[in-house]
Amino acid sequence: MALEIKNLKVNVEGNEIVKGVSLSLSKGKVIALMGPNGSGKSTLASSLMGHPKYQITSGSIHLDAEDITAAKPHERAKKGLFLAFQYPAEIEGVSVTHFLRTAYMAKTGKKISVVDFYKLLKEKMQLLKMDEGFARRQVNFGFSGGEKKRLEILQLSILEPSYAILDETDSGLDIDALKTVSEGVNAYRSKMGVLLITHYTRILKYIMPDEVYIMKSGKIVKKGGAALAHELEEHGYELLKEDTHE
Ligand SMILES: Nc1ncnc2c1ncn2[C@@H]1O[C@H](COP(=O)(O)OP(=O)(O)OP(=O)(O)O)[C@@H](O)[C@H]1O
Ligand SMILES: [Mg+2]
């Protein structure tokens with residue numbers, strides 16, 4: 001059971017941004033994806049989710065052996081893929097509760113009453129130490145940076161995906177929120193594969209990665225264990241100079 005990416009190439013408005021990425025993420029594993037600004041991490045994430053702006057020109061994506069390279073975003077979500085965006089969108093006029101309930105029903109294919117859903121939501125919000133008033137607010141509207149990231153993790157805990165891509169979910173979180181969010185992720189860790197995109201080793205103290213991949217100019221240029229992230233923090237991307245082999 002894995003999310004298998006093979007030699008993926010992605011164009012954005014005619015420019016090749018992802019230039020042949022291969023990656024295998026098994027359930028229960030965490031891969032940290034690091035790399036300089038503009039290296040193509042978010043582009044890779046969005047193309048895995050099937051965003052129409054990102055054109056896959058070669059390669060394949062398989063989810064538990066099923067080819068989803070051409071699947072629509074909602075089909076991917078239904079099959080258990082989840083992306084927490086680097087820049088979550090504001091949706092004016094839609095409450096957090098309504099948004100999450102709709103997403104829950106779309107993912108599970110089951111109807112759930114407002115009352116029953118609220119019970120589920122309340123339970124998840126307590127785990128993530130979120131204020132109840134949050135549920136009544138409009139999606140991300142006027143949210144602080146950290147609140148938007150917490151909402152992404154609340155969504156994750158409601159949808160319980162099999163594979164989650166977290167795009168800089170740690171950026172902008174205060175120290176307590178970082179711990180809570182990490183606990184939230186760790187609670188599902190055994191049942192889910194996580195692709196954790198981050199610039200900092202701070203979150204990797206709480207969510208220990210099994211592997212660390214470094215992306216540069218659209219390619220994975222280095223792989224290693226958890227220690228690679230610390231090496232990177234110490235030496236910066238100068239580290240890549242010696243052995244950028246691809
Ligand atoms: N329409 C476009 N035309 C040309 N280049 C684009 C277009 N859209 C995005 N890019 C470029 O693609 C590159 C990869 O962007 P991406 O957001 O994937 O980087 P990233 O690794 O997530 O960076 P960060 O760490 O800053 O989040 C960037 O250099 C960006 O400018
Ligand atoms: Mg990015």
# chains A, B, ... in the order shown; residues from 1 in each chain; ligands from 1

call {"tool": "residues_near_ligand", "arguments": {"ligand": "ligand 2", "cutoff": "12 Å", "atoms": "only C-alpha atoms and all ligand atoms", "output": "PyMOL selection string"}}
result
chain A and resi 33-46+84-88+165-169+171+196-199+215

call {"tool": "residues_around", "arguments": {"residues": "Asp170 of chain A", "least_positions_apart": "6", "cutoff": "12 Å", "atoms": "only C-alpha atoms", "output": "number ranges by chain"}}
result
A: 84-87, 145-150, 152-153, 176-182, 185, 196-207

call {"tool": "residues_around", "arguments": {"residues": "Phe141 of chain A", "least_positions_apart": "5", "cutoff": "8 Å", "atoms": "only C-alpha atoms", "output": "PDB file with N, CA and C atoms, in the first residue's frame"}}
result
ATOM      1  N   GLU A  90      -9.404  31.580   1.225  1.00  0.00           N
ATOM      2  CA  GLU A  90     -10.520  32.093   2.021  1.00  0.00           C
ATOM      3  C   GLU A  90     -11.808  31.844   1.250  1.00  0.00           C
ATOM      4  N   ILE A  91     -12.834  31.367   1.941  1.00  0.00           N
ATOM      5  CA  ILE A  91     -14.119  31.170   1.273  1.00  0.00           C
ATOM      6  C   ILE A  91     -15.167  31.973   2.030  1.00  0.00           C
ATOM      7  N   GLU A  92     -15.448  33.141   1.506  1.00  0.00           N
ATOM      8  CA  GLU A  92     -16.372  34.054   2.177  1.00  0.00           C
ATOM      9  C   GLU A  92     -17.794  33.486   2.133  1.00  0.00           C
TER      10      GLU A  92
END

call {"tool": "select_by_dssp", "arguments": {"residues": "segment 174-205 of chain A", "states": "alpha helix (DSSP H)", "output": "list in words"}}
result
Ile175, Asp176, Ala177, Leu178, Lys179, Thr180, Val181, Ser182, Glu183, Gly184, Val185, Asn186, Ala187, Tyr188, Arg202, Ile203, Leu204 and Lys205 of chain A

call {"tool": "closest_residue", "arguments": {"among": "A:Gly142, A:Gly14, A:Gly59, A:Pro161", "to": "Tyr104 of chain A", "atoms": "only C-alpha atoms"}}
result
A:Pro161

call {"tool": "residues_around", "arguments": {"residues": "Lys107 of chain A", "least_positions_apart": "3", "cutoff": "8 Å", "atoms": "only C-alpha atoms", "output": "MDAnalysis selection string"}}
result
chainID A and resid 77:80 103:104 159

call {"tool": "residues_around", "arguments": {"residues": "Glu132 of chain A", "least_positions_apart": "2", "cutoff": "12 Å", "atoms": "only C-alpha atoms", "output": "list in words"}}
result
Val96, Thr97, Tyr118, Lys119, Leu121, Lys122, Glu123, Lys124, Met125, Gln126, Leu127, Leu128, Lys129, Met130, Phe134, Ala135, Arg136 and Arg137 of chain A

call {"tool": "write_last_selection", "arguments": {"atoms": "N, CA and C atoms", "output": "PDB file, in the first residue's frame"}}
result
ATOM      1  N   VAL A  96     -17.106  27.184   8.569  1.00  0.00           N
ATOM      2  CA  VAL A  96     -16.175  26.075   8.745  1.00  0.00           C
ATOM      3  C   VAL A  96     -16.960  24.760   8.864  1.00  0.00           C
ATOM      4  N   THR A  97     -18.043  24.786   9.652  1.00  0.00           N
ATOM      5  CA  THR A  97     -18.843  23.569   9.859  1.00  0.00           C
ATOM      6  C   THR A  97     -19.422  23.062   8.540  1.00  0.00           C
ATOM      7  N   TYR A 118     -21.747  17.784  14.077  1.00  0.00           N
ATOM      8  CA  TYR A 118     -21.236  18.731  15.065  1.00  0.00           C
ATOM      9  C   TYR A 118     -20.575  18.013  16.235  1.00  0.00           C
ATOM     10  N   LYS A 119     -21.132  16.867  16.598  1.00  0.00           N
ATOM     11  CA  LYS A 119     -20.534  16.059  17.679  1.00  0.00           C
ATOM     12  C   LYS A 119     -19.119  15.631  17.296  1.00  0.00           C
ATOM     13  N   LEU A 121     -17.208  16.967  15.001  1.00  0.00           N
ATOM     14  CA  LEU A 121     -16.366  18.151  14.858  1.00  0.00           C
ATOM     15  C   LEU A 121     -15.870  18.646  16.218  1.00  0.00           C
ATOM     16  N   LYS A 122     -16.788  18.650  17.186  1.00  0.00           N
ATOM     17  CA  LYS A 122     -16.444  19.132  18.523  1.00  0.00           C
ATOM     18  C   LYS A 122     -15.344  18.277  19.151  1.00  0.00           C
ATOM     19  N   GLU A 123     -15.490  16.983  18.950  1.00  0.00           N
ATOM     20  CA  GLU A 123     -14.508  16.033  19.489  1.00  0.00           C
ATOM     21  C   GLU A 123     -13.120  16.284  18.866  1.00  0.00           C
ATOM     22  N   LYS A 124     -13.091  16.466  17.554  1.00  0.00           N
ATOM     23  CA  LYS A 124     -11.815  16.699  16.859  1.00  0.00           C
ATOM     24  C   LYS A 124     -11.223  18.053  17.256  1.00  0.00           C
ATOM     25  N   MET A 125     -12.101  19.041  17.447  1.00  0.00           N
ATOM     26  CA  MET A 125     -11.612  20.367  17.814  1.00  0.00           C
ATOM     27  C   MET A 125     -11.009  20.365  19.215  1.00  0.00           C
ATOM     28  N   GLN A 126     -11.595  19.556  20.081  1.00  0.00           N
ATOM     29  CA  GLN A 126     -11.043  19.455  21.436  1.00  0.00           C
ATOM     30  C   GLN A 126      -9.645  18.840  21.396  1.00  0.00           C
ATOM     31  N   LEU A 127      -9.497  17.813  20.571  1.00  0.00           N
ATOM     32  CA  LEU A 127      -8.187  17.168  20.437  1.00  0.00           C
ATOM     33  C   LEU A 127      -7.133  18.154  19.946  1.00  0.00           C
ATOM     34  N   LEU A 128      -7.562  19.035  19.057  1.00  0.00           N
ATOM     35  CA  LEU A 128      -6.623  20.014  18.502  1.00  0.00           C
ATOM     36  C   LEU A 128      -6.609  21.324  19.299  1.00  0.00           C
ATOM     37  N   LYS A 129      -7.279  21.291  20.467  1.00  0.00           N
ATOM     38  CA  LYS A 129      -7.346  22.457  21.360  1.00  0.00           C
ATOM     39  C   LYS A 129      -7.810  23.713  20.618  1.00  0.00           C
ATOM     40  N   MET A 130      -8.870  23.550  19.838  1.00  0.00           N
ATOM     41  CA  MET A 130      -9.400  24.686  19.097  1.00  0.00           C
ATOM     42  C   MET A 130     -10.670  25.184  19.763  1.00  0.00           C
ATOM     43  N   PHE A 134     -14.689  28.839  16.507  1.00  0.00           N
ATOM     44  CA  PHE A 134     -14.012  28.652  15.220  1.00  0.00           C
ATOM     45  C   PHE A 134     -14.932  28.047  14.154  1.00  0.00           C
ATOM     46  N   ALA A 135     -15.743  27.095  14.609  1.00  0.00           N
ATOM     47  CA  ALA A 135     -16.614  26.340  13.697  1.00  0.00           C
ATOM     48  C   ALA A 135     -17.658  27.215  13.021  1.00  0.00           C
ATOM     49  N   ARG A 136     -18.010  28.316  13.677  1.00  0.00           N
ATOM     50  CA  ARG A 136     -19.059  29.188  13.131  1.00  0.00           C
ATOM     51  C   ARG A 136     -18.502  30.240  12.186  1.00  0.00           C
ATOM     52  N   ARG A 137     -17.189  30.370  12.158  1.00  0.00           N
ATOM     53  CA  ARG A 137     -16.597  31.420  11.315  1.00  0.00           C
ATOM     54  C   ARG A 137     -16.565  31.013   9.843  1.00  0.00           C
TER      55      ARG A 137
END

call {"tool": "closest_residue", "arguments": {"among": "A:Lys27, A:His74, A:Lys241, A:Lys9", "to": "Ser162 of chain A", "atoms": "only C-alpha atoms"}}
result
A:Lys27

call {"tool": "atom_distance", "arguments": {"atom1": "atom CA of Gln155 of chain A", "atom2": "atom CA of Gly218 of chain A"}}
result
28.8 Å

call {"tool": "atom_distance", "arguments": {"atom1": "atom 19 (O, counted along the ligand's line) of ligand 1", "atom2": "atom CA of Gln55 of chain A"}}
result
15.4 Å

call {"tool": "atom_distance", "arguments": {"atom1": "atom CA of Ser217 of chain A", "atom2": "atom CA of Asp67 of chain A"}}
result
26.1 Å

call {"tool": "closest_residue", "arguments": {"among": "A:His62, A:Lys223, A:Lys19, A:Lys110", "to": "ligand 1", "atoms": "only C-alpha atoms and all ligand atoms"}}
result
A:Lys19

call {"tool": "select_by_dssp", "arguments": {"residues": "segment 2-171 of chain A", "states": "strand (DSSP E or B)", "output": "number ranges by chain"}}
result
A: 2-12, 15-26, 30-34, 54-63, 66-67, 81-84, 91-95, 138-139, 163-167

call {"tool": "write_last_selection", "arguments": {"atoms": "C-alpha atoms", "output": "PDB file, in the first residue's frame"}}
result
ATOM      1  CA  ALA A   2       1.695   3.146  -1.199  1.00  0.00           C
ATOM      2  CA  LEU A   3       1.515   6.366  -3.103  1.00  0.00           C
ATOM      3  CA  GLU A   4       3.872   5.758  -6.017  1.00  0.00           C
ATOM      4  CA  ILE A   5       5.160   8.596  -8.118  1.00  0.00           C
ATOM      5  CA  LYS A   6       7.222   7.630 -11.132  1.00  0.00           C
ATOM      6  CA  ASN A   7       9.319  10.015 -13.188  1.00  0.00           C
ATOM      7  CA  LEU A   8       6.731  12.779 -12.908  1.00  0.00           C
ATOM      8  CA  LYS A   9       7.162  15.841 -15.096  1.00  0.00           C
ATOM      9  CA  VAL A  10       4.859  18.814 -14.665  1.00  0.00           C
ATOM     10  CA  ASN A  11       4.361  21.931 -16.752  1.00  0.00           C
ATOM     11  CA  VAL A  12       2.863  25.167 -15.496  1.00  0.00           C
ATOM     12  CA  ASN A  15       7.156  25.859 -18.338  1.00  0.00           C
ATOM     13  CA  GLU A  16       8.527  22.602 -16.997  1.00  0.00           C
ATOM     14  CA  ILE A  17       8.707  23.003 -13.214  1.00  0.00           C
ATOM     15  CA  VAL A  18       8.849  19.395 -12.001  1.00  0.00           C
ATOM     16  CA  LYS A  19      11.471  17.564 -14.022  1.00  0.00           C
ATOM     17  CA  GLY A  20      11.169  13.868 -13.337  1.00  0.00           C
ATOM     18  CA  VAL A  21      10.385  13.097  -9.693  1.00  0.00           C
ATOM     19  CA  SER A  22      10.062   9.553  -8.370  1.00  0.00           C
ATOM     20  CA  LEU A  23       8.937   8.833  -4.847  1.00  0.00           C
ATOM     21  CA  SER A  24       7.287   5.992  -2.986  1.00  0.00           C
ATOM     22  CA  LEU A  25       5.336   6.780   0.161  1.00  0.00           C
ATOM     23  CA  SER A  26       4.083   3.800   2.144  1.00  0.00           C
ATOM     24  CA  VAL A  30       6.715  10.004   6.817  1.00  0.00           C
ATOM     25  CA  ILE A  31       8.839  11.516   4.064  1.00  0.00           C
ATOM     26  CA  ALA A  32      10.059  15.059   4.653  1.00  0.00           C
ATOM     27  CA  LEU A  33      10.469  17.026   1.432  1.00  0.00           C
ATOM     28  CA  MET A  34      12.806  19.985   1.727  1.00  0.00           C
ATOM     29  CA  TYR A  54      -0.608  21.718 -13.522  1.00  0.00           C
ATOM     30  CA  GLN A  55      -0.129  19.647 -16.624  1.00  0.00           C
ATOM     31  CA  ILE A  56       1.488  16.253 -16.214  1.00  0.00           C
ATOM     32  CA  THR A  57       3.553  15.714 -19.346  1.00  0.00           C
ATOM     33  CA  SER A  58       5.101  12.379 -18.407  1.00  0.00           C
ATOM     34  CA  GLY A  59       5.287   9.828 -15.618  1.00  0.00           C
ATOM     35  CA  SER A  60       2.592   8.361 -13.407  1.00  0.00           C
ATOM     36  CA  ILE A  61       0.912   8.506 -10.007  1.00  0.00           C
ATOM     37  CA  HIS A  62      -0.463   5.318  -8.453  1.00  0.00           C
ATOM     38  CA  LEU A  63      -2.454   5.183  -5.235  1.00  0.00           C
ATOM     39  CA  GLU A  66      -4.463   2.220  -8.919  1.00  0.00           C
ATOM     40  CA  ASP A  67      -3.410   4.661 -11.635  1.00  0.00           C
ATOM     41  CA  LEU A  81      -5.442  11.609  -0.816  1.00  0.00           C
ATOM     42  CA  PHE A  82      -5.289  14.901   1.054  1.00  0.00           C
ATOM     43  CA  LEU A  83      -3.386  18.131   0.563  1.00  0.00           C
ATOM     44  CA  ALA A  84      -2.964  20.817   3.216  1.00  0.00           C
ATOM     45  CA  ILE A  91     -14.119  31.170   1.273  1.00  0.00           C
ATOM     46  CA  GLU A  92     -16.372  34.054   2.177  1.00  0.00           C
ATOM     47  CA  GLY A  93     -19.898  33.209   3.263  1.00  0.00           C
ATOM     48  CA  VAL A  94     -19.208  29.518   3.958  1.00  0.00           C
ATOM     49  CA  SER A  95     -18.912  28.407   7.568  1.00  0.00           C
ATOM     50  CA  GLN A 138     -16.272  31.707   7.542  1.00  0.00           C
ATOM     51  CA  VAL A 139     -13.580  29.479   6.042  1.00  0.00           C
ATOM     52  CA  TYR A 163      -2.000   9.770   2.288  1.00  0.00           C
ATOM     53  CA  ALA A 164      -1.544  13.362   3.379  1.00  0.00           C
ATOM     54  CA  ILE A 165       0.627  16.013   1.795  1.00  0.00           C
ATOM     55  CA  LEU A 166       1.338  18.810   4.240  1.00  0.00           C
ATOM     56  CA  ASP A 167       2.746  21.830   2.452  1.00  0.00           C
TER      57      ASP A 167
END

call {"tool": "closest_residue", "arguments": {"among": "A:Leu239, A:Lys222, A:Lys53, A:Glu231", "to": "ligand 1", "atoms": "only C-alpha atoms and all ligand atoms"}}
result
A:Lys53
